[in-house]
Structures are given as structure tokens and as C-alpha cells.
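File shown: start-v8.pdb. Contents: PDB, C-alpha atoms, pLDDT in the B column.
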```pdb
ATOM      1  CA  GLU A   1      83.587-181.086 150.823  1.00 76.00           C
ATOM      2  CA  PRO A   2      84.033-183.317 147.748  1.00 81.00           C
ATOM      3  CA  GLU A   3      84.346-181.510 144.435  1.00 90.00           C
ATOM      4  CA  VAL A   4      83.556-181.973 140.790  1.00 96.00           C
ATOM      5  CA  THR A   5      86.732-181.410 138.776  1.00 95.00           C
ATOM      6  CA  GLN A   6      86.789-180.033 135.246  1.00 96.00           C
ATOM      7  CA  THR A   7      89.672-179.790 132.819  1.00 94.00           C
ATOM      8  CA  PRO A   8      90.891-177.737 131.113  1.00 94.00           C
ATOM      9  CA  SER A   9      89.795-174.490 132.744  1.00 94.00           C
ATOM     10  CA  HIS A  10      90.119-172.703 129.420  1.00 96.00           C
ATOM     11  CA  GLN A  11      90.078-174.120 125.893  1.00 97.00           C
ATOM     12  CA  VAL A  12      90.631-172.168 122.705  1.00 97.00           C
ATOM     13  CA  THR A  13      89.805-173.802 119.396  1.00 97.00           C
ATOM     14  CA  GLN A  14      89.243-172.949 115.776  1.00 97.00           C
ATOM     15  CA  MET A  15      85.795-173.103 114.271  1.00 97.00           C
ATOM     16  CA  GLY A  16      85.097-176.545 112.844  1.00 97.00           C
ATOM     17  CA  GLN A  17      87.474-178.337 115.196  1.00 97.00           C
ATOM     18  CA  GLU A  18      86.460-181.024 117.636  1.00 97.00           C
ATOM     19  CA  VAL A  19      86.785-180.411 121.369  1.00 97.00           C
ATOM     20  CA  ILE A  20      86.413-182.699 124.353  1.00 97.00           C
ATOM     21  CA  LEU A  21      85.639-181.238 127.738  1.00 97.00           C
ATOM     22  CA  ARG A  22      86.443-183.435 130.682  1.00 96.00           C
ATOM     23  CA  CYS A  23      84.875-183.829 134.067  1.00 97.00           C
ATOM     24  CA  VAL A  24      85.505-186.037 137.072  1.00 97.00           C
ATOM     25  CA  PRO A  25      82.269-186.179 139.071  1.00 96.00           C
ATOM     26  CA  ILE A  26      82.161-186.901 142.778  1.00 95.00           C
ATOM     27  CA  SER A  27      83.006-190.550 143.220  1.00 91.00           C
ATOM     28  CA  ASN A  28      79.728-192.008 144.520  1.00 89.00           C
ATOM     29  CA  HIS A  29      77.464-189.871 142.348  1.00 93.00           C
ATOM     30  CA  LEU A  30      75.323-191.504 139.684  1.00 92.00           C
ATOM     31  CA  TYR A  31      73.646-188.585 137.884  1.00 95.00           C
ATOM     32  CA  PHE A  32      75.707-186.384 135.589  1.00 97.00           C
ATOM     33  CA  TYR A  33      74.948-183.198 133.771  1.00 97.00           C
ATOM     34  CA  TRP A  34      76.358-180.646 131.372  1.00 98.00           C
ATOM     35  CA  TYR A  35      75.194-177.035 131.462  1.00 97.00           C
ATOM     36  CA  ARG A  36      76.548-174.000 129.687  1.00 96.00           C
ATOM     37  CA  GLN A  37      76.575-170.335 130.609  1.00 94.00           C
ATOM     38  CA  ILE A  38      76.600-167.595 128.007  1.00 89.00           C
ATOM     39  CA  LEU A  39      78.148-164.223 128.766  1.00 82.00           C
ATOM     40  CA  GLY A  40      78.319-164.966 132.462  1.00 76.00           C
ATOM     41  CA  GLN A  41      74.577-164.954 132.903  1.00 80.00           C
ATOM     42  CA  LYS A  42      72.032-167.475 131.647  1.00 84.00           C
ATOM     43  CA  VAL A  43      72.641-171.110 132.618  1.00 93.00           C
ATOM     44  CA  GLU A  44      71.327-173.520 129.969  1.00 95.00           C
ATOM     45  CA  PHE A  45      70.681-177.228 130.420  1.00 96.00           C
ATOM     46  CA  LEU A  46      72.367-179.390 127.807  1.00 97.00           C
ATOM     47  CA  VAL A  47      72.076-183.018 128.898  1.00 97.00           C
ATOM     48  CA  SER A  48      71.636-185.365 131.822  1.00 96.00           C
ATOM     49  CA  PHE A  49      73.103-188.864 132.034  1.00 96.00           C
ATOM     50  CA  TYR A  50      72.266-191.793 134.266  1.00 93.00           C
ATOM     51  CA  ASN A  51      72.958-195.507 134.149  1.00 90.00           C
ATOM     52  CA  ASN A  52      75.216-195.102 131.134  1.00 90.00           C
ATOM     53  CA  GLU A  53      72.686-193.400 128.957  1.00 94.00           C
ATOM     54  CA  ILE A  54      71.244-189.970 128.277  1.00 96.00           C
ATOM     55  CA  SER A  55      68.190-189.265 130.454  1.00 95.00           C
ATOM     56  CA  GLU A  56      67.172-185.900 129.053  1.00 95.00           C
ATOM     57  CA  LYS A  57      68.623-183.503 126.528  1.00 95.00           C
ATOM     58  CA  SER A  58      67.770-180.017 125.358  1.00 94.00           C
ATOM     59  CA  GLU A  59      67.233-178.664 121.866  1.00 94.00           C
ATOM     60  CA  ILE A  60      70.767-177.294 122.033  1.00 93.00           C
ATOM     61  CA  PHE A  61      72.175-180.808 122.349  1.00 96.00           C
ATOM     62  CA  ASP A  62      72.050-181.716 118.665  1.00 93.00           C
ATOM     63  CA  ASP A  63      74.052-184.227 116.662  1.00 94.00           C
ATOM     64  CA  GLN A  64      77.213-182.161 117.109  1.00 96.00           C
ATOM     65  CA  PHE A  65      77.229-182.978 120.811  1.00 97.00           C
ATOM     66  CA  SER A  66      77.844-186.262 122.541  1.00 97.00           C
ATOM     67  CA  VAL A  67      78.600-187.433 126.060  1.00 97.00           C
ATOM     68  CA  GLU A  68      80.478-190.414 127.335  1.00 95.00           C
ATOM     69  CA  ARG A  69      81.518-192.012 130.573  1.00 92.00           C
ATOM     70  CA  PRO A  70      84.501-193.916 129.219  1.00 86.00           C
ATOM     71  CA  ASP A  71      86.043-195.415 132.325  1.00 86.00           C
ATOM     72  CA  GLY A  72      83.695-195.178 135.296  1.00 79.00           C
ATOM     73  CA  SER A  73      85.226-191.976 136.632  1.00 87.00           C
ATOM     74  CA  ASN A  74      85.393-189.447 133.813  1.00 94.00           C
ATOM     75  CA  PHE A  75      82.421-187.824 132.119  1.00 96.00           C
ATOM     76  CA  THR A  76      83.113-186.067 128.834  1.00 97.00           C
ATOM     77  CA  LEU A  77      81.323-183.699 126.507  1.00 97.00           C
ATOM     78  CA  LYS A  78      82.402-183.770 122.881  1.00 97.00           C
ATOM     79  CA  ILE A  79      81.548-181.121 120.340  1.00 97.00           C
ATOM     80  CA  ARG A  80      82.349-182.526 116.896  1.00 96.00           C
ATOM     81  CA  SER A  81      82.545-179.385 114.811  1.00 95.00           C
ATOM     82  CA  THR A  82      82.589-176.241 116.889  1.00 97.00           C
ATOM     83  CA  LYS A  83      80.761-173.093 115.890  1.00 96.00           C
ATOM     84  CA  LEU A  84      81.352-169.543 117.047  1.00 96.00           C
ATOM     85  CA  GLU A  85      78.126-169.673 119.047  1.00 94.00           C
ATOM     86  CA  ASP A  86      79.444-172.620 121.059  1.00 96.00           C
ATOM     87  CA  SER A  87      81.689-170.176 122.909  1.00 96.00           C
ATOM     88  CA  ALA A  88      80.538-170.337 126.515  1.00 96.00           C
ATOM     89  CA  MET A  89      81.434-171.555 129.964  1.00 95.00           C
ATOM     90  CA  TYR A  90      80.590-175.246 130.223  1.00 97.00           C
ATOM     91  CA  PHE A  91      79.744-176.663 133.633  1.00 96.00           C
ATOM     92  CA  CYS A  92      79.660-180.272 134.628  1.00 97.00           C
ATOM     93  CA  ALA A  93      77.488-181.268 137.580  1.00 97.00           C
ATOM     94  CA  SER A  94      76.801-184.469 139.435  1.00 96.00           C
ATOM     95  CA  MET A  95      74.267-185.703 141.924  1.00 95.00           C
ATOM     96  CA  SER A  96      74.112-188.538 144.404  1.00 93.00           C
ATOM     97  CA  LYS A  97      71.376-191.128 144.335  1.00 87.00           C
ATOM     98  CA  ALA A  98      71.108-190.645 148.112  1.00 87.00           C
ATOM     99  CA  ASP A  99      70.344-186.933 147.695  1.00 85.00           C
ATOM    100  CA  VAL A 100      68.599-186.434 144.390  1.00 83.00           C
ATOM    101  CA  VAL A 101      67.811-182.806 145.086  1.00 88.00           C
ATOM    102  CA  ARG A 102      71.248-181.248 145.131  1.00 92.00           C
ATOM    103  CA  LEU A 103      73.576-180.672 142.203  1.00 95.00           C
ATOM    104  CA  PHE A 104      77.302-180.254 142.724  1.00 95.00           C
ATOM    105  CA  PHE A 105      78.958-178.141 140.036  1.00 96.00           C
ATOM    106  CA  GLY A 106      82.516-177.985 138.812  1.00 96.00           C
ATOM    107  CA  SER A 107      84.282-174.668 138.245  1.00 94.00           C
ATOM    108  CA  GLY A 108      83.734-174.864 134.502  1.00 95.00           C
ATOM    109  CA  THR A 109      85.642-174.862 131.228  1.00 97.00           C
ATOM    110  CA  GLN A 110      85.641-171.616 129.298  1.00 96.00           C
ATOM    111  CA  LEU A 111      85.438-172.570 125.623  1.00 97.00           C
ATOM    112  CA  SER A 112      86.450-169.921 123.108  1.00 97.00           C
ATOM    113  CA  VAL A 113      85.799-170.713 119.447  1.00 97.00           C
ATOM    114  CA  LEU A 114      87.704-168.456 117.047  1.00 96.00           C
TER     115      LEU A 114
ATOM    116  CA  ALA B   1      57.211-176.299 129.803  1.00 75.00           C
ATOM    117  CA  GLN B   2      58.168-175.756 133.386  1.00 85.00           C
ATOM    118  CA  SER B   3      60.208-172.699 134.179  1.00 90.00           C
ATOM    119  CA  VAL B   4      61.321-170.118 136.694  1.00 94.00           C
ATOM    120  CA  ALA B   5      61.543-166.378 136.165  1.00 95.00           C
ATOM    121  CA  GLN B   6      63.797-163.903 137.878  1.00 96.00           C
ATOM    122  CA  PRO B   7      62.427-160.467 137.066  1.00 95.00           C
ATOM    123  CA  GLU B   8      65.415-158.450 138.290  1.00 96.00           C
ATOM    124  CA  ASP B   9      68.782-158.503 136.528  1.00 95.00           C
ATOM    125  CA  GLN B  10      70.388-156.736 139.461  1.00 97.00           C
ATOM    126  CA  VAL B  11      69.540-155.924 143.052  1.00 98.00           C
ATOM    127  CA  ASN B  12      71.477-153.383 145.075  1.00 98.00           C
ATOM    128  CA  VAL B  13      71.221-153.277 148.841  1.00 98.00           C
ATOM    129  CA  ALA B  14      73.177-151.561 151.592  1.00 98.00           C
ATOM    130  CA  GLU B  15      75.165-153.705 153.988  1.00 98.00           C
ATOM    131  CA  GLY B  16      73.128-154.539 157.063  1.00 97.00           C
ATOM    132  CA  ASN B  17      69.797-154.086 155.294  1.00 98.00           C
ATOM    133  CA  PRO B  18      67.460-156.976 154.500  1.00 98.00           C
ATOM    134  CA  LEU B  19      67.636-158.349 150.991  1.00 98.00           C
ATOM    135  CA  THR B  20      65.129-160.057 148.725  1.00 98.00           C
ATOM    136  CA  VAL B  21      65.841-161.702 145.388  1.00 98.00           C
ATOM    137  CA  LYS B  22      62.670-162.590 143.532  1.00 98.00           C
ATOM    138  CA  CYS B  23      61.692-165.771 141.735  1.00 98.00           C
ATOM    139  CA  THR B  24      58.404-166.974 140.316  1.00 97.00           C
ATOM    140  CA  TYR B  25      57.735-170.422 138.961  1.00 95.00           C
ATOM    141  CA  SER B  26      55.532-172.181 136.468  1.00 93.00           C
ATOM    142  CA  VAL B  27      55.212-175.917 137.034  1.00 88.00           C
ATOM    143  CA  SER B  28      52.642-178.643 136.823  1.00 85.00           C
ATOM    144  CA  GLY B  29      52.203-180.573 140.037  1.00 85.00           C
ATOM    145  CA  ASN B  30      54.149-179.936 143.215  1.00 87.00           C
ATOM    146  CA  PRO B  31      57.252-177.872 142.579  1.00 90.00           C
ATOM    147  CA  TYR B  32      60.772-178.748 143.615  1.00 94.00           C
ATOM    148  CA  LEU B  33      62.469-175.348 143.918  1.00 96.00           C
ATOM    149  CA  PHE B  34      66.054-174.337 144.582  1.00 97.00           C
ATOM    150  CA  TRP B  35      68.420-171.433 144.969  1.00 98.00           C
ATOM    151  CA  TYR B  36      72.038-171.543 143.872  1.00 97.00           C
ATOM    152  CA  VAL B  37      74.774-168.904 144.160  1.00 97.00           C
ATOM    153  CA  GLN B  38      77.693-168.276 141.836  1.00 94.00           C
ATOM    154  CA  TYR B  39      80.794-166.398 142.877  1.00 93.00           C
ATOM    155  CA  PRO B  40      83.197-165.059 140.214  1.00 89.00           C
ATOM    156  CA  ASN B  41      85.024-167.769 138.250  1.00 84.00           C
ATOM    157  CA  ARG B  42      83.289-170.548 140.171  1.00 88.00           C
ATOM    158  CA  GLY B  43      80.543-173.063 139.565  1.00 90.00           C
ATOM    159  CA  LEU B  44      77.103-172.782 141.080  1.00 93.00           C
ATOM    160  CA  GLN B  45      76.736-173.690 144.735  1.00 95.00           C
ATOM    161  CA  PHE B  46      73.582-175.017 146.371  1.00 95.00           C
ATOM    162  CA  LEU B  47      71.956-172.669 148.902  1.00 97.00           C
ATOM    163  CA  LEU B  48      68.606-174.208 149.754  1.00 96.00           C
ATOM    164  CA  LYS B  49      65.643-176.201 148.508  1.00 96.00           C
ATOM    165  CA  TYR B  50      61.891-176.484 148.896  1.00 95.00           C
ATOM    166  CA  ILE B  51      60.382-179.906 148.401  1.00 93.00           C
ATOM    167  CA  THR B  52      57.498-180.043 150.833  1.00 87.00           C
ATOM    168  CA  GLY B  53      56.634-178.957 154.354  1.00 87.00           C
ATOM    169  CA  ASP B  54      57.187-175.523 155.885  1.00 91.00           C
ATOM    170  CA  ASN B  55      56.875-172.657 153.479  1.00 93.00           C
ATOM    171  CA  LEU B  56      59.926-170.956 154.980  1.00 96.00           C
ATOM    172  CA  VAL B  57      63.092-172.894 154.279  1.00 96.00           C
ATOM    173  CA  LYS B  58      66.485-172.085 155.691  1.00 96.00           C
ATOM    174  CA  GLY B  59      69.743-172.575 153.882  1.00 95.00           C
ATOM    175  CA  SER B  60      73.422-171.800 153.887  1.00 93.00           C
ATOM    176  CA  TYR B  61      75.046-168.507 154.919  1.00 94.00           C
ATOM    177  CA  GLY B  62      71.926-167.238 156.708  1.00 96.00           C
ATOM    178  CA  PHE B  63      69.738-167.274 153.611  1.00 97.00           C
ATOM    179  CA  GLU B  64      66.127-168.363 153.636  1.00 97.00           C
ATOM    180  CA  ALA B  65      63.378-168.585 151.053  1.00 98.00           C
ATOM    181  CA  GLU B  66      59.624-168.360 151.278  1.00 96.00           C
ATOM    182  CA  PHE B  67      57.443-170.634 149.169  1.00 96.00           C
ATOM    183  CA  ASN B  68      54.127-169.009 148.284  1.00 95.00           C
ATOM    184  CA  LYS B  69      51.805-171.287 146.365  1.00 94.00           C
ATOM    185  CA  SER B  70      49.107-168.714 145.689  1.00 94.00           C
ATOM    186  CA  GLN B  71      51.610-166.281 144.189  1.00 95.00           C
ATOM    187  CA  THR B  72      53.753-169.041 142.632  1.00 95.00           C
ATOM    188  CA  SER B  73      56.809-167.404 144.130  1.00 97.00           C
ATOM    189  CA  PHE B  74      59.948-168.554 145.883  1.00 98.00           C
ATOM    190  CA  HIS B  75      61.802-165.405 146.934  1.00 98.00           C
ATOM    191  CA  LEU B  76      65.244-165.576 148.501  1.00 98.00           C
ATOM    192  CA  LYS B  77      65.757-163.484 151.627  1.00 98.00           C
ATOM    193  CA  LYS B  78      68.323-162.568 154.207  1.00 98.00           C
ATOM    194  CA  PRO B  79      67.673-160.346 157.233  1.00 97.00           C
ATOM    195  CA  SER B  80      71.010-158.522 157.120  1.00 97.00           C
ATOM    196  CA  ALA B  81      73.130-158.389 153.964  1.00 98.00           C
ATOM    197  CA  LEU B  82      76.905-158.674 153.940  1.00 97.00           C
ATOM    198  CA  VAL B  83      79.281-157.323 151.302  1.00 97.00           C
ATOM    199  CA  SER B  84      80.458-160.900 150.839  1.00 96.00           C
ATOM    200  CA  ASP B  85      76.930-161.877 149.721  1.00 97.00           C
ATOM    201  CA  SER B  86      77.575-160.031 146.459  1.00 97.00           C
ATOM    202  CA  ALA B  87      77.271-162.686 143.768  1.00 97.00           C
ATOM    203  CA  LEU B  88      75.009-164.053 141.042  1.00 96.00           C
ATOM    204  CA  TYR B  89      71.934-165.882 142.344  1.00 97.00           C
ATOM    205  CA  PHE B  90      69.952-168.452 140.402  1.00 96.00           C
ATOM    206  CA  CYS B  91      66.525-169.833 141.099  1.00 97.00           C
ATOM    207  CA  ALA B  92      65.899-173.339 139.728  1.00 97.00           C
ATOM    208  CA  VAL B  93      63.117-175.875 139.361  1.00 95.00           C
ATOM    209  CA  ARG B  94      63.234-179.599 138.804  1.00 93.00           C
ATOM    210  CA  GLU B  95      60.910-180.688 136.035  1.00 90.00           C
ATOM    211  CA  THR B  96      58.168-182.955 137.348  1.00 87.00           C
ATOM    212  CA  GLY B  97      58.921-186.626 136.871  1.00 87.00           C
ATOM    213  CA  THR B  98      62.530-186.043 135.820  1.00 89.00           C
ATOM    214  CA  TYR B  99      65.924-185.169 137.252  1.00 90.00           C
ATOM    215  CA  LYS B 100      66.287-182.235 134.879  1.00 92.00           C
ATOM    216  CA  TYR B 101      66.940-178.896 136.567  1.00 94.00           C
ATOM    217  CA  ILE B 102      66.032-175.647 134.842  1.00 94.00           C
ATOM    218  CA  PHE B 103      67.666-172.431 135.968  1.00 95.00           C
ATOM    219  CA  GLY B 104      66.423-168.886 135.835  1.00 94.00           C
ATOM    220  CA  THR B 105      68.326-166.094 134.153  1.00 93.00           C
ATOM    221  CA  GLY B 106      70.078-165.069 137.339  1.00 94.00           C
ATOM    222  CA  THR B 107      70.044-161.951 139.513  1.00 96.00           C
ATOM    223  CA  ARG B 108      73.228-160.120 140.345  1.00 96.00           C
ATOM    224  CA  LEU B 109      73.223-159.018 143.965  1.00 98.00           C
ATOM    225  CA  LYS B 110      75.435-156.094 144.939  1.00 98.00           C
ATOM    226  CA  VAL B 111      75.771-155.318 148.615  1.00 98.00           C
ATOM    227  CA  LEU B 112      77.196-151.864 149.134  1.00 97.00           C
ATOM    228  CA  ALA B 113      79.371-151.029 152.112  1.00 95.00           C
TER     229      ALA B 113
END
```

Encoding of this model in C-alpha cells:
Amino acid sequence: EPEVTQTPSHQVTQMGQEVILRCVPISNHLYFYWYRQILGQKVEFLVSFYNNEISEKSEIFDDQFSVERPDGSNFTLKIRSTKLEDSAMYFCASMSKADVVRLFFGSGTQLSVL
Amino acid sequence: AQSVAQPEDQVNVAEGNPLTVKCTYSVSGNPYLFWYVQYPNRGLQFLLKYITGDNLVKGSYGFEAEFNKSQTSFHLKKPSALVSDSALYFCAVRETGTYKYIFGTGTRLKVLA
């Protein structure tokens, strides 16, 4: 089965630093998402992206966050100035236009802000 | 706001016994409902969906879910639990008119040998 790939698997950064989390969605998918999971439990929606623009975003997704699809294959999440509370597992997901009822998730990037 | 609730943080069941993981929903219009499973150190994996049609939907790994409109519930079930079913289970809903998926808080299922 095709997979969503995320790199790195673990990222450690200092508070106030910028981080970029990278994702390669499944190749024919057109809908892209970022979610985060706190303490291995709650899964929170951050943003959805379609047709090169943000479709929906949550209250969490403030001006410190941005997303980009720079080259037609990668999908990135940038946090400009990380805070301690940004520490979480970040999941990328994608969805096909042919099956708009099934998300495919990557294995996540564990972000630790010190 | 549309949402799903999972009232149990953890469910324990003996291997071979039937299991139920509960989910209730709050949506306007017809709900699109889902179950996902997460194994340790992995992303969420799709199990099954309810869009329309039969209230009992079947999914992967022998799981099924029953849509109950009057009780606004979408409980996940399996007739005979396996130890390998132990994982974190998430109920989800797609917000009406969008492609935004909202997940519940998750229920940890432990199947005891």
C-alpha cells in the first residue's frame, strides 16, 4: 500500500527557533493535512490544504505556523518561533480526490522544544 | 461545532470476548463517521466509514460499527477480540460541507490473554 512519508522522525529544537517538518504525500493525492498529537492521546486538526491554498485551519494554526507545497511533491509545516507547548507528535495526512473519505497518515515527527 | 465524543479512556477485554468501543457524535446534517486505529509509534490507520446506507458497516481486521441515528452513536465492535487488537482507537467525523476531519480523544483498547 502507498505510504505518506515524514521526515525527520524526531526533531529537537530550542525555544524560539524555527522548524520545518517535511512530508511527502501519496503521489496522486490532492488534499493534504497536518494534525498534532499531544501526550500520545488527543489528535488535533491544524490545517488542510487543497489546490495550493489553505482550505481550513484551526485556532491553533496562528501566525507562527505556515504550510507550503514547494515543488509538487513535498508538503511542509513551518513553525517560525517554537514554544514549549509546541512539543507534540505532528502527523501529515493526504487524501485522494477519487476517495475523499479516507485519510492516509504518515508515521509522524516527534517535535521536542527545549 | 461538530464533534465526536469517546467516553472511555480505556477498555479492557479478555481475548476471545466481544469488544465495544463507544463513540457519540454531534453534527448538523447527515454525518460522515469514521474509525481509525493507531498502533505504537505509527500514524493513524483507517478502519471503516459510515456515509449512508446500512447502519452496520464492516471494516478491516474483522471490525464493524453500528450507526444509530436516534442515539447519535457510532460504536465500534468486534465479535471476538485478539491480543493484537490492543491499540488506540479514534472515532472521527467530517465537518459538513468541508473536508476537515475532527477526531475524538481516543480510547485505548487492551485485550488480555

Q. Counting all atoms listed in the file, which residues of chain B come no farther than 12 Å from chain A, as a VMD selection string?
A. chain B and resid 3 5 to 6 9 to 10 31 to 51 87 to 95 97 to 108

Q: Go ahead and compute the interatomic distance for CA of Arg69 (chain A) and CA of Gln6 (chain A), in Å to one decimal.
A: 13.9 Å

Q.
Given the PyMOL selection byres ((chain A and resi 26) around 9) and the file above, list the residues it selects as JSON, numbers by chain.
A. {"A": [2, 3, 4, 5, 24, 25, 27, 28, 29, 30, 73, 93, 94, 95, 96, 104]}

Keeping C-alpha atoms, export the residues of the selection given above as an mmCIF file, keeping the file's coordinate frame.
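Output below, filename result_2.cif:
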```
data_model
loop_
_atom_site.group_PDB
_atom_site.id
_atom_site.type_symbol
_atom_site.label_atom_id
_atom_site.label_comp_id
_atom_site.auth_asym_id
_atom_site.auth_seq_id
_atom_site.Cartn_x
_atom_site.Cartn_y
_atom_site.Cartn_z
ATOM 1 C CA PRO A 2 84.033 -183.317 147.748
ATOM 2 C CA GLU A 3 84.346 -181.510 144.435
ATOM 3 C CA VAL A 4 83.556 -181.973 140.790
ATOM 4 C CA THR A 5 86.732 -181.410 138.776
ATOM 5 C CA VAL A 24 85.505 -186.037 137.072
ATOM 6 C CA PRO A 25 82.269 -186.179 139.071
ATOM 7 C CA SER A 27 83.006 -190.550 143.220
ATOM 8 C CA ASN A 28 79.728 -192.008 144.520
ATOM 9 C CA HIS A 29 77.464 -189.871 142.348
ATOM 10 C CA LEU A 30 75.323 -191.504 139.684
ATOM 11 C CA SER A 73 85.226 -191.976 136.632
ATOM 12 C CA ALA A 93 77.488 -181.268 137.580
ATOM 13 C CA SER A 94 76.801 -184.469 139.435
ATOM 14 C CA MET A 95 74.267 -185.703 141.924
ATOM 15 C CA SER A 96 74.112 -188.538 144.404
ATOM 16 C CA PHE A 104 77.302 -180.254 142.724
#
```

Q) Could you pull the residues within 10 Å of Phe65 (chain A), counting all atoms listed in the file, minus those fewer than 4 positions along the same chain, as a PyMOL selection string? A) chain A and resi 18-20+46-47+60-61+77-82

Given the file above and the PyMOL selection byres ((chain B and resi 18) around 6), which residues are selected, and can you give them as a PDB file with C-alpha atoms, in the frame of the given file?
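File expr.pdb, as written:
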```pdb
ATOM      1  CA  ASN B  17      69.797-154.086 155.294  1.00 98.00           C
ATOM      2  CA  LEU B  19      67.636-158.349 150.991  1.00 98.00           C
ATOM      3  CA  LYS B  78      68.323-162.568 154.207  1.00 98.00           C
ATOM      4  CA  PRO B  79      67.673-160.346 157.233  1.00 97.00           C
ATOM      5  CA  SER B  80      71.010-158.522 157.120  1.00 97.00           C
ATOM      6  CA  ALA B  81      73.130-158.389 153.964  1.00 98.00           C
TER       7      ALA B  81
END
```

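Our summary of the geometry notes that CA of Asn55 (chain B) is positioned 10.7 Å from CA of Ser73 (chain B).
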